[in-house]
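> To start, I am sharing the structure in question, which I have written as structure tokens.
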Amino acid sequence: MQFTSDESATLLRILQWRRDVRHFRPDPVGEAVLERLRATMDCAPSVGNARPWRVIRVDDPGLRVAVRANFSRCNAEAAKLYTGDKHAEYLALKLAGLEIAPVQLAVFNVMHPEAGHGLGRQTLPETLRQSTAMAIHTLWLAARAENLGLGMVSILEPHDIEALLGVPEDWEFAAYLCLGHPEFMDDTPLLHRAGWQENTQTEWPRR
């Protein structure tokens with residue numbers, strides 16, 4: 001299979017326009033679209049084909065309220081790390097789309113999966129977490145190609161979320177994802193627009 005320069009340009013546009021979305025419309029996402037996204041996530045690479053990611057779709061209103069409460073507590077603690085202008089800037093940031101995002105997914109990582117039979121992870125077991133991260137990124141790009149937005153909420157207490165959702169002991173919380181139609185879409189990251197942090201160029205030094 002040979003891809004064209006137009007397809008390469010399309011991929012680059014998807015990458016450039018992938019945003020960590022916090023502002024959602026409440027419109028529902030069709031089940032057919034969600035099934036395409038689920039199937040696309042299956043295409044993600046993983047060490048030894050271990051496929052260690054596990055995903056729970058969080059629909060229950062009570063569970064969503066509990067997740068928002070956990071976020072509020074953790075966010076208040078995180079704000080204490082900053083002082084002066086940086087503290088005010090932090091408080092002004094919108095760091096989650098938990099109130100409105102119609103689809104919410106809790107992603108977990110299994111650190112000792114039977115799948116893969118241990119291939120490729122004996123000296124670097126962290127590759128299991130890396131595999132789950134790649135699955136999330138695959139979903140992120142697929143969502144953007146469907147003209148949807150995805151945001152990752154990292155300001156949560158992992159053990160609380162594991163307990164809240166009653167997952168098996170060997171499931172490790174990886175990410176909480178908000179998915180839906182964005183209120184707006186542009187190619188400027190939120191943290192750039194807010195003046196928090198610009199991108200730095202990736203260097204490939206020679207040795």
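Residues in the structure tokens are named by chain (A, B, ... in the order shown) and by number from 1 within that chain; ligands are numbered from 1 in the order shown.
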Running DSSP on the backbone, which parts of stretch 35-166 of chain A land in alpha helix (DSSP H), as a PyMOL selection string?

chain A and resi 35-41+61-79+84-92+127-145+158-165

> Determine, counting only C-alpha atoms, which protein, DNA and RNA residues have an atom within 6 Å of an atom of A:His181; residues of the same chain fewer than 6 positions away are not included. Present the result as a PyMOL selection string.

chain A and resi 24-25+148-149

> In terms of the shortest atom-to-atom distance over only C-alpha atoms, which of A:Ala106, A:Leu165, A:Ala143, A:Cys178 is closest to A:Ile14?

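Residue with the minimum atom-to-atom distance to A:Ile14: A:Ala143.
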
> Out of chain A, which residues get strand (DSSP E or B) from DSSP, as a ChimeraX atom specification?

/A:20,24,53-57,103-110,149-153,171-180,182

> Could you tell me how far atom CA of A:Leu139 sits from atom CA of A:Val55, in Å to one decimal place?

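Pair atom CA of A:Val55 / atom CA of A:Leu139 returns 11.6 Å.
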
> Have a look at atom CA of A:Glu89 and atom CA of A:Val107 and let me know their distance in Å, one decimal.

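About the pair atom CA of A:Glu89 and atom CA of A:Val107: they are 29.0 Å apart.
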
> Give me, please, the distance in Å between atom CA of A:Ala133 and atom CA of A:His159, quoted to one decimal.

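Computing the Euclidean distance for atom CA of A:Ala133 and atom CA of A:His159 yields 18.6 Å.
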
> Just the residues within 7 Å of A:Phe173, please, counting only C-alpha atoms, with nothing from its chain fewer than 3 positions along; format it as a PyMOL selection string.

chain A and resi 107-109+158+162
